[in-house]
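Shown here: coords_8.txt, compact mmCIF, C-alpha atoms.
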# COMPACT_ATOMS: atom_id res chain seq x y z
CA MET D 99 -17.08 28.31 -45.61
CA GLU D 100 -15.41 25.36 -47.29
CA LEU D 101 -15.56 22.21 -45.16
CA ARG D 102 -12.60 19.88 -45.07
CA ILE D 103 -13.20 16.15 -44.68
CA PHE D 104 -12.13 15.99 -41.00
CA GLN D 105 -14.58 18.83 -40.22
CA ILE D 106 -17.35 16.40 -41.10
CA ILE D 107 -15.93 13.16 -39.66
CA VAL D 108 -14.77 14.50 -36.26
CA PRO D 109 -18.09 16.24 -35.38
CA LEU D 110 -19.96 13.05 -36.34
CA ILE D 111 -17.71 11.00 -34.06
CA ALA D 112 -18.15 13.61 -31.30
CA LEU D 113 -21.92 13.46 -31.70
CA PHE D 114 -21.81 9.69 -31.45
CA PHE D 115 -19.83 9.90 -28.17
CA ILE D 116 -22.13 12.60 -26.76
CA ALA D 117 -25.08 10.28 -27.45
CA ASN D 118 -23.12 7.45 -25.83
CA VAL D 119 -22.43 9.56 -22.71
CA ILE D 120 -26.12 10.44 -22.39
CA TYR D 121 -27.12 6.81 -22.94
CA SER D 122 -24.62 5.60 -20.28
CA PHE D 123 -25.96 8.17 -17.81
CA ARG D 124 -29.57 7.11 -18.42
CA LYS D 125 -28.53 3.50 -17.86
CA SER D 126 -26.85 4.61 -14.56
CA GLN D 127 -23.49 3.37 -15.80
CA ILE D 128 -21.74 6.71 -15.14
CA THR D 129 -22.13 9.48 -12.57
CA ILE D 130 -23.47 12.98 -13.22
CA THR D 131 -19.93 14.42 -12.93
CA GLU D 132 -18.61 11.98 -15.53
CA THR D 133 -21.56 12.82 -17.77
CA ILE D 134 -20.89 16.56 -17.55
CA PHE D 135 -17.13 16.19 -18.10
CA GLY D 136 -17.57 13.64 -20.89
CA GLY D 137 -20.27 15.70 -22.60
CA LEU D 138 -18.26 18.93 -22.36
CA PHE D 139 -15.14 17.23 -23.69
CA TRP D 140 -16.87 15.89 -26.80
CA LEU D 141 -18.78 19.13 -27.33
CA ALA D 142 -15.48 21.03 -27.23
CA THR D 143 -14.00 18.56 -29.71
CA LEU D 144 -16.96 19.07 -32.00
CA ILE D 145 -16.68 22.87 -31.92
CA PHE D 146 -12.89 22.71 -32.25
CA ALA D 147 -13.21 20.51 -35.35
CA LEU D 148 -15.70 22.90 -36.95
CA PHE D 149 -13.51 25.98 -36.43
CA PRO D 150 -9.97 24.60 -36.16
CA ASP D 151 -8.05 27.65 -37.39
CA PHE D 152 -9.85 30.09 -35.13
CA PHE D 153 -9.41 28.03 -31.95
CA SER D 154 -5.82 26.93 -32.59
CA THR D 155 -4.83 30.58 -33.23
CA GLN D 156 -6.63 31.66 -30.03
CA ILE D 157 -4.89 28.95 -27.97
CA ALA D 158 -1.55 29.90 -29.50
CA LYS D 159 -2.18 33.55 -28.58
CA ILE D 160 -3.27 32.78 -25.01
CA PHE D 161 -0.27 30.59 -24.23
CA GLY D 162 2.18 32.69 -26.24
CA ILE D 163 2.93 29.87 -28.66
CA GLU D 164 3.97 31.11 -32.06
CA SER D 165 2.59 28.38 -34.26
CA ASN D 166 -1.02 27.21 -34.01
CA VAL D 167 0.08 23.67 -34.93
CA ASN D 168 2.33 23.62 -31.84
CA ALA D 169 -0.61 24.90 -29.81
CA ILE D 170 -2.69 21.92 -30.90
CA ILE D 171 0.13 19.50 -30.02
CA PHE D 172 0.55 21.03 -26.55
CA PHE D 173 -3.18 20.98 -26.03
CA CYS D 174 -3.32 17.28 -26.98
CA ILE D 175 -0.41 16.43 -24.67
CA GLY D 176 -2.28 18.18 -21.86
CA LEU D 177 -5.35 16.11 -22.61
CA LEU D 178 -3.30 12.91 -22.60
CA PHE D 179 -1.83 13.80 -19.21
CA PHE D 180 -5.28 14.50 -17.86
CA ASN D 181 -6.52 11.16 -19.18
CA GLN D 182 -3.47 9.37 -17.77
CA PHE D 183 -4.09 10.89 -14.33
CA LYS D 184 -7.74 9.89 -14.49
CA MET D 185 -6.74 6.31 -15.36
CA TYR D 186 -4.25 6.31 -12.49
CA LEU D 187 -6.97 7.32 -10.02
CA ILE D 188 -9.31 4.63 -11.36
CA ILE D 189 -6.63 1.92 -11.06
CA ARG D 190 -5.78 3.04 -7.51
CA LYS D 191 -9.42 2.82 -6.53
CA GLN D 192 -9.71 -0.66 -8.05
CA GLU D 193 -6.51 -1.80 -6.29
CA LYS D 194 -7.91 -0.57 -2.99
CA ASN D 195 -11.18 -2.41 -3.57
CA LEU D 196 -9.30 -5.56 -4.52
CA THR D 197 -7.23 -5.45 -1.33
CA PHE D 198 -10.35 -4.87 0.76
CA LEU D 199 -12.11 -7.84 -0.85
CA THR D 200 -9.04 -10.06 -0.46
CA ARG D 201 -8.74 -9.23 3.23
CA GLU D 202 -12.45 -9.64 3.94
CA LEU D 203 -12.54 -12.97 2.14
CA ALA D 204 -9.44 -14.21 3.97
CA LEU D 205 -10.93 -13.39 7.37
CA LYS D 206 -14.35 -14.78 6.42
CA ASN D 207 -12.86 -18.06 5.13
CA HIS D 208 -10.73 -18.37 8.24
CA ALA D 209 -13.75 -17.84 10.51
CA GLU D 210 -15.73 -20.45 8.53
CA GLU D 211 -12.88 -22.98 8.65
CA ASN D 212 -12.72 -22.55 12.42
CA GLU D 213 -16.46 -23.07 12.78
CA VAL D 214 -16.29 -26.38 10.90
CA MET A 130 3.22 -8.90 33.53
CA ILE A 131 2.43 -9.96 29.99
CA ARG A 132 1.84 -13.69 29.65
CA LYS A 133 2.97 -15.55 26.54
CA SER A 134 -0.57 -16.76 25.97
CA GLU A 135 -1.67 -13.12 25.59
CA ILE A 136 0.72 -12.52 22.71
CA HIS A 137 -0.58 -13.31 19.23
CA ILE A 138 2.25 -13.58 16.75
CA PHE A 139 1.43 -12.78 13.13
CA ILE A 140 3.86 -13.58 10.35
CA PRO A 141 3.01 -12.03 6.97
CA ALA A 142 4.46 -14.36 4.33
CA PHE A 143 4.70 -14.49 0.57
CA ASN A 144 6.46 -17.51 -0.95
CA GLU A 145 8.45 -18.32 2.18
CA ALA A 146 8.07 -22.11 2.14
CA SER A 147 11.78 -22.65 2.71
CA THR A 148 11.95 -20.60 5.94
CA ILE A 149 8.45 -20.43 7.45
CA GLY A 150 8.67 -23.79 9.24
CA HIS A 151 11.94 -22.85 10.93
CA VAL A 152 10.59 -19.46 12.04
CA ILE A 153 7.47 -21.07 13.56
CA ARG A 154 9.42 -23.81 15.32
CA SER A 155 11.88 -21.29 16.79
CA LEU A 156 8.91 -19.49 18.39
CA GLN A 157 7.34 -22.71 19.65
CA GLN A 158 10.61 -23.70 21.30
CA LEU A 159 10.23 -20.58 23.46
CA ASP A 160 6.64 -21.54 24.34
CA TYR A 161 4.87 -19.06 22.13
CA GLN A 162 1.77 -20.88 20.92
CA ASN A 163 -0.52 -18.28 19.29
CA ILE A 164 1.22 -18.19 15.93
CA LYS A 165 -0.64 -17.13 12.81
CA VAL A 166 0.73 -16.86 9.31
CA ILE A 167 -0.92 -14.41 6.93
CA ASP A 168 -0.21 -16.14 3.65
CA ASP A 169 -0.29 -13.37 1.07
CA GLY A 170 -1.21 -15.43 -1.99
CA SER A 171 1.87 -17.68 -1.99
CA THR A 172 2.27 -20.21 -4.77
CA ASP A 173 4.97 -22.36 -3.14
CA GLN A 174 3.03 -24.20 -0.44
CA THR A 175 3.92 -21.69 2.29
CA ASP A 176 0.48 -22.30 3.79
CA HIS A 177 0.97 -26.09 3.95
CA LYS A 178 4.41 -25.73 5.53
CA ALA A 179 3.07 -23.28 8.09
CA MET A 180 0.17 -25.56 9.02
CA ALA A 181 2.49 -28.57 9.19
CA ALA A 182 4.66 -26.64 11.64
CA GLY A 183 1.62 -25.98 13.82
CA ALA A 184 0.62 -22.43 12.93
CA THR A 185 -2.83 -21.19 12.00
CA VAL A 186 -3.02 -19.82 8.47
CA ILE A 187 -5.13 -16.93 7.21
CA ARG A 188 -4.92 -16.96 3.44
CA HIS A 189 -5.14 -14.09 0.93
CA PHE A 190 -6.28 -15.71 -2.30
CA ILE A 191 -4.08 -13.32 -4.31
CA ASN A 192 -0.90 -11.42 -3.47
CA ARG A 193 -1.65 -7.92 -2.18
CA GLY A 194 1.58 -6.94 -0.45
CA ALA A 195 3.12 -6.88 3.02
CA GLY A 196 1.05 -3.88 4.11
CA ALA A 197 -2.21 -5.56 3.12
CA ALA A 198 -1.21 -8.72 5.00
CA THR A 199 -0.31 -6.65 8.07
CA GLN A 200 -3.68 -4.89 8.00
CA THR A 201 -5.37 -8.31 7.82
CA ALA A 202 -3.45 -9.26 10.97
CA ILE A 203 -4.53 -6.05 12.71
CA GLU A 204 -8.15 -6.58 11.73
CA TYR A 205 -8.07 -10.17 12.93
CA ALA A 206 -6.53 -9.09 16.23
CA ARG A 207 -9.15 -6.38 16.61
CA THR A 208 -12.15 -8.64 15.98
CA SER A 209 -10.68 -11.44 18.13
CA ASN A 210 -10.00 -8.99 20.94
CA CYS A 211 -6.29 -9.89 21.13
CA SER A 212 -4.38 -8.13 23.90
CA TYR A 213 -1.04 -8.01 22.11
CA LEU A 214 -0.10 -8.42 18.47
CA LEU A 215 3.42 -9.16 17.41
CA LEU A 216 4.57 -8.85 13.82
CA MET A 217 7.60 -10.72 12.59
CA ASP A 218 9.23 -11.33 9.18
CA ALA A 219 8.91 -14.77 7.61
CA ASP A 220 12.37 -14.86 6.02
CA GLY A 221 14.16 -15.80 9.23
CA GLN A 222 15.74 -12.37 9.62
CA HIS A 223 14.35 -11.88 13.14
CA LEU A 224 15.27 -14.05 16.10
CA ALA A 225 12.60 -15.47 18.39
CA LYS A 226 14.74 -14.75 21.46
CA ASP A 227 14.50 -10.99 20.77
CA LEU A 228 10.75 -11.11 21.24
CA LYS A 229 11.36 -10.95 24.99
CA LYS A 230 12.97 -7.52 24.60
CA LEU A 231 9.89 -6.12 22.92
CA VAL A 232 7.65 -7.61 25.61
CA GLU A 233 9.82 -6.16 28.41
CA GLN A 234 9.76 -2.72 26.82
CA MET A 235 6.00 -2.94 26.41
CA GLU A 236 5.68 -3.78 30.12
CA LYS A 237 8.02 -1.21 31.55
CA GLY A 238 7.79 1.62 29.06
CA ASN A 239 4.03 2.08 28.98
CA SER A 240 4.34 1.92 25.19
CA ASP A 241 1.58 1.20 22.69
CA ILE A 242 3.96 0.13 19.94
CA VAL A 243 7.44 -1.29 20.37
CA ILE A 244 9.72 -1.57 17.34
CA GLY A 245 12.68 -3.89 17.15
CA SER A 246 15.49 -1.68 15.84
CA ARG A 247 18.33 -3.34 13.96
CA PHE A 248 20.39 -0.16 14.19
CA LEU A 249 20.34 0.12 17.99
CA HIS A 250 22.09 -3.23 18.30
CA PRO A 251 25.87 -2.86 18.77
CA ALA A 252 26.63 -5.36 16.01
CA VAL A 253 24.68 -4.18 12.98
CA ALA A 254 25.00 -7.03 10.51
CA MET A 255 23.16 -5.27 7.72
CA PRO A 256 24.83 -5.21 4.30
CA GLY A 257 25.76 -1.79 2.86
CA SER A 258 23.06 -1.68 0.17
CA ARG A 259 20.36 -2.39 2.74
CA LYS A 260 21.81 0.19 5.12
CA TRP A 261 21.40 2.87 2.45
CA LEU A 262 17.82 1.91 1.69
CA ASN A 263 16.95 1.89 5.37
CA TYR A 264 18.77 5.18 5.92
CA LEU A 265 16.68 6.82 3.21
CA GLY A 266 13.50 5.24 4.60
CA ASN A 267 14.33 6.59 8.05
CA GLN A 268 15.09 10.07 6.75
CA LEU A 269 11.81 10.25 4.87
CA THR A 270 9.81 8.88 7.80
CA ASN A 271 11.50 11.15 10.32
CA LEU A 272 10.79 14.11 8.07
CA MET A 273 7.07 13.36 8.22
CA CYS A 274 6.91 12.21 11.87
CA GLN A 275 7.51 14.07 15.12
CA GLN A 276 9.57 11.36 16.81
CA LYS A 277 12.92 10.29 15.38
CA TYR A 278 13.23 6.59 14.59
CA THR A 279 16.40 4.59 14.11
CA ASP A 280 14.64 1.76 12.24
CA SER A 281 11.36 2.90 10.74
CA GLN A 282 11.36 0.01 8.24
CA SER A 283 11.64 -2.80 10.78
CA GLY A 284 9.02 -5.52 10.46
CA PHE A 285 9.51 -6.70 14.06
CA ARG A 286 6.85 -4.83 16.01
CA MET A 287 4.60 -5.31 18.99
CA LEU A 288 1.25 -3.56 19.37
CA ASN A 289 -1.02 -3.39 22.38
CA ARG A 290 -4.82 -3.30 22.33
CA ARG A 291 -4.92 0.48 22.06
CA ALA A 292 -2.72 0.40 18.96
CA ILE A 293 -4.64 -2.55 17.48
CA GLY A 294 -7.86 -0.60 17.90
CA SER A 295 -6.68 2.61 16.29
CA LEU A 296 -4.55 1.65 13.30
CA ASN A 297 -6.01 1.35 9.82
CA LEU A 298 -3.26 0.94 7.26
CA THR A 299 -4.00 1.90 3.68
CA LEU A 300 -0.70 1.14 1.92
CA ASP A 301 -0.51 -2.36 0.51
CA GLU A 302 3.25 -2.56 0.03
CA PHE A 303 6.24 -1.86 2.28
CA GLY A 304 5.24 1.77 2.80
CA PHE A 305 3.04 0.47 5.64
CA CYS A 306 6.05 0.51 8.01
CA SER A 307 6.29 4.29 7.83
CA GLU A 308 2.53 4.72 7.55
CA MET A 309 2.00 2.83 10.81
CA LEU A 310 4.30 5.24 12.66
CA PHE A 311 2.68 8.25 11.05
CA LEU A 312 -0.83 7.05 11.97
CA ALA A 313 0.27 6.04 15.47
CA GLU A 314 1.57 9.53 16.15
CA LYS A 315 -1.69 11.02 14.85
CA ALA A 316 -3.55 8.75 17.29
CA ASN A 317 -1.25 9.86 20.15
CA LEU A 318 0.14 6.37 20.64
CA LYS A 319 3.42 5.95 22.48
CA ILE A 320 6.15 4.36 20.37
CA ALA A 321 9.45 2.94 21.62
CA GLU A 322 12.37 1.14 20.03
CA VAL A 323 14.52 -1.66 21.41
CA PRO A 324 17.70 -3.14 19.94
CA ILE A 325 17.35 -6.44 18.12
CA GLU A 326 19.67 -8.67 16.17
CA ALA A 327 19.05 -9.40 12.51
CA VAL A 328 20.35 -12.32 10.52
CA TYR A 329 21.07 -11.73 6.85
CA THR A 330 21.39 -14.64 4.50
CA PRO A 331 21.54 -14.66 0.68
CA TYR A 332 17.90 -15.80 0.85
CA SER A 333 16.70 -12.96 3.09
CA LEU A 334 18.59 -10.44 0.96
CA GLN A 335 16.75 -11.67 -2.11
CA LYS A 336 13.47 -10.95 -0.37
CA GLY A 337 12.33 -7.59 0.94
CA GLN A 338 13.05 -4.32 -0.76
CA ASN A 339 15.56 -3.46 -3.45
CA PHE A 340 16.41 -0.04 -4.86
CA PHE A 341 13.40 0.10 -7.21
CA THR A 342 10.83 -1.14 -4.69
CA GLY A 343 12.43 1.25 -2.18
CA VAL A 344 11.75 4.19 -4.51
CA GLN A 345 8.18 2.96 -5.04
CA THR A 346 7.75 2.66 -1.27
CA ALA A 347 8.97 6.23 -0.77
CA PHE A 348 6.57 7.53 -3.42
CA SER A 349 3.59 5.62 -2.05
CA PHE A 350 4.29 6.90 1.47
CA LEU A 351 4.63 10.48 0.23
CA ARG A 352 1.45 10.15 -1.81
CA ARG A 353 -0.32 8.81 1.28
CA ILE A 354 0.81 11.81 3.33
CA LEU A 355 0.20 14.45 0.69
CA LEU A 356 -3.07 13.14 -0.80
CA ARG A 357 -4.65 11.96 2.41
How would this structure read if it were set down as structure tokens?
Amino acid sequence: MELRIFQIIVPLIALFFIANVIYSFRKSQITITETIFGGLFWLATLIFALFPDFFSTQIAKIFGIESNVNAIIFFCIGLLFFNQFKMYLIIRKQEKNLTFLTRELALKNHAEENEV
Amino acid sequence: MIRKSEIHIFIPAFNEASTIGHVIRSLQQLDYQNIKVIDDGSTDQTDHKAMAAGATVIRHFINRGAGAATQTAIEYARTSNCSYLLLMDADGQHLAKDLKKLVEQMEKGNSDIVIGSRFLHPAVAMPGSRKWLNYLGNQLTNLMCQQKYTDSQSGFRMLNRRAIGSLNLTLDEFGFCSEMLFLAEKANLKIAEVPIEAVYTPYSLQKGQNFFTGVQTAFSFLRRILLR
């Protein structure tokens, strides 16, 4: 099997990120769910990069897309949407926390001002 | 008989320095003394003007929205054991004299929440663009609620202790108006509406919701209902 240049670079990048996911989990920076999803995502990327023609043809067949290049584009768009949704949920959670902190601080400051 | 001293008036305000003093003084003239301004991160000295007019100020250090400010008022009322909480807009749109109507309805109607409805008043002074926004807000709210409301987006509201104890708003922006009704129905609270007057000035029309914030409000309310 003749390896193209991206079939070497992409798996190396994927391996780096898998190591990073494991490291983050060991440092308790991410949850077990995030570790599993992150690990699986980069593992899939690694395998996909090693056998691009096989997987793109399979995806094209499954979804009834004629060209395997189109299949890759659709797949990537799907991933981007997933990532966008994930970001949206994170921002919402942060906004909620920020509001909670703002309210708590306002009431605490008011109580302290009244005590003085 | 509800005494004026039992009513705690909360005015959520964001950059309302030009009107807040007038709103507070109009309430004081009618002998309402428990007036608190929830300053939602204003940058125009709203807090100073409110204090100068004689109100107590609870200050959000950053702007979080009308819903967040309202929830701060509810939480304050809950922890301070307030008997009645009254919410009023800071832009001068609501008239202090109408407060009596809400109080009377609360007394006679055995209600937990009384809403001041701008659409029940015979002379609706609302401009056309606002009417449309409010119409859409009402339709959406009425679709999700059991009771039918004529002014689901009104910021002039009175809550009794039961309502204060059971409401926990989650929407930071204007969607809280509909959310409050939705949550109140879930908690089996009794809700009534009374007619009130509303004064629209170029200033008050600048504030509040426009078409885009109205769409955002609708989406946030729907998201709250569907993803709860």
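CA of Leu265 (chain A) is found 8.8 Å from CA of Gly343 (chain A).
The interatomic distance for the pair CA of Ala142 (chain D) and CA of Gly162 (chain D) works out to 21.2 Å.
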Chain A contacts on chain D, only C-alpha atoms, 7 Å, as a list in words: Thr197, Thr200, Arg201, Ala204, Leu205 and His208 of chain D
Shell around region 269-280 of chain A at 6 Å using only C-alpha atoms, local window under 2 positions removed, as a PyMOL selection string: chain A and resi 246+266-267+282-283+307+311
Next, dump the selected residues to file, keeping only C-alpha atoms, as a JSON list (two decimals), in the frame of the given file.
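Written output follows (part.json):
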[["chain", "number", "residue", "atom", "x", "y", "z"],
["A", 246, "SER", "CA", 15.49, -1.68, 15.84],
["A", 266, "GLY", "CA", 13.50, 5.24, 4.60],
["A", 267, "ASN", "CA", 14.33, 6.59, 8.05],
["A", 282, "GLN", "CA", 11.36, 0.01, 8.24],
["A", 283, "SER", "CA", 11.64, -2.80, 10.78],
["A", 307, "SER", "CA", 6.29, 4.29, 7.83],
["A", 311, "PHE", "CA", 2.68, 8.25, 11.05]]
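If only C-alpha atoms are the atoms counted, then among D:Phe153, D:Lys194, D:Pro109, D:Thr133 the closest residue to Tyr121 (chain D) is D:Thr133.
One finds CA of Gln174 (chain A) at 14.5 Å from CA of His151 (chain A).
Proximity to Leu159 (chain A) was assessed for A:Ala179, A:Ala225, A:Cys211, A:Ala184 counting all atoms listed in the file; the smallest distance is recorded for A:Ala225.
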Shell of 9 Å around Leu296 (chain A), only C-alpha atoms, local chain residues under 6 positions omitted, as an MDAnalysis selection string: chainID A and resid 200 203 309 312:313 316
Contacts of region 171-183 of chain D at 10 Å (only C-alpha atoms; same-chain gap of 2+ positions) as a tab-separated table (two decimals) with C-alpha atoms, in the frame of the given file:
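Produced file selection.tsv, reproduced below:
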chain	number	residue	atom	x	y	z
D	139	PHE	CA	-15.14	17.23	-23.69
D	154	SER	CA	-5.82	26.93	-32.59
D	157	ILE	CA	-4.89	28.95	-27.97
D	158	ALA	CA	-1.55	29.90	-29.50
D	161	PHE	CA	-0.27	30.59	-24.23
D	163	ILE	CA	2.93	29.87	-28.66
D	166	ASN	CA	-1.02	27.21	-34.01
D	167	VAL	CA	0.08	23.67	-34.93
D	168	ASN	CA	2.33	23.62	-31.84
D	169	ALA	CA	-0.61	24.90	-29.81
D	185	MET	CA	-6.74	6.31	-15.36
D	186	TYR	CA	-4.25	6.31	-12.49
D	187	LEU	CA	-6.97	7.32	-10.02
D	188	ILE	CA	-9.31	4.63	-11.36
D	189	ILE	CA	-6.63	1.92	-11.06
Among listed residues A:His137, A:Arg353, A:Lys178, A:Lys230, nearest Ile293 (chain A) (using all atoms listed in the file): A:His137
Quick one: everything within 12 Å of Phe135 (chain D), counting only C-alpha atoms, minus sequence neighbours fewer than 6 positions away in the same chain. Send it as a compact mmCIF listing (two decimals) with C-alpha atoms, keeping the file's coordinate frame.
# COMPACT_ATOMS: atom_id res chain seq x y z
CA ILE D 116 -22.13 12.60 -26.76
CA VAL D 119 -22.43 9.56 -22.71
CA ILE D 120 -26.12 10.44 -22.39
CA PHE D 123 -25.96 8.17 -17.81
CA ILE D 128 -21.74 6.71 -15.14
CA THR D 129 -22.13 9.48 -12.57
CA LEU D 141 -18.78 19.13 -27.33
CA ALA D 142 -15.48 21.03 -27.23
CA PHE D 180 -5.28 14.50 -17.86
CA ASN D 181 -6.52 11.16 -19.18
CA LYS D 184 -7.74 9.89 -14.49
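When all atoms listed in the file are used to measure the gap to Ala112 (chain D), the shortest distance among D:Thr143, D:Gln156, D:Gln192, D:Ser165 belongs to D:Thr143.
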Distance criterion (only C-alpha atoms): nearest to Ile145 (chain D) out of D:Asn195, D:Gln105, D:Asn212, D:Asn207: D:Gln105
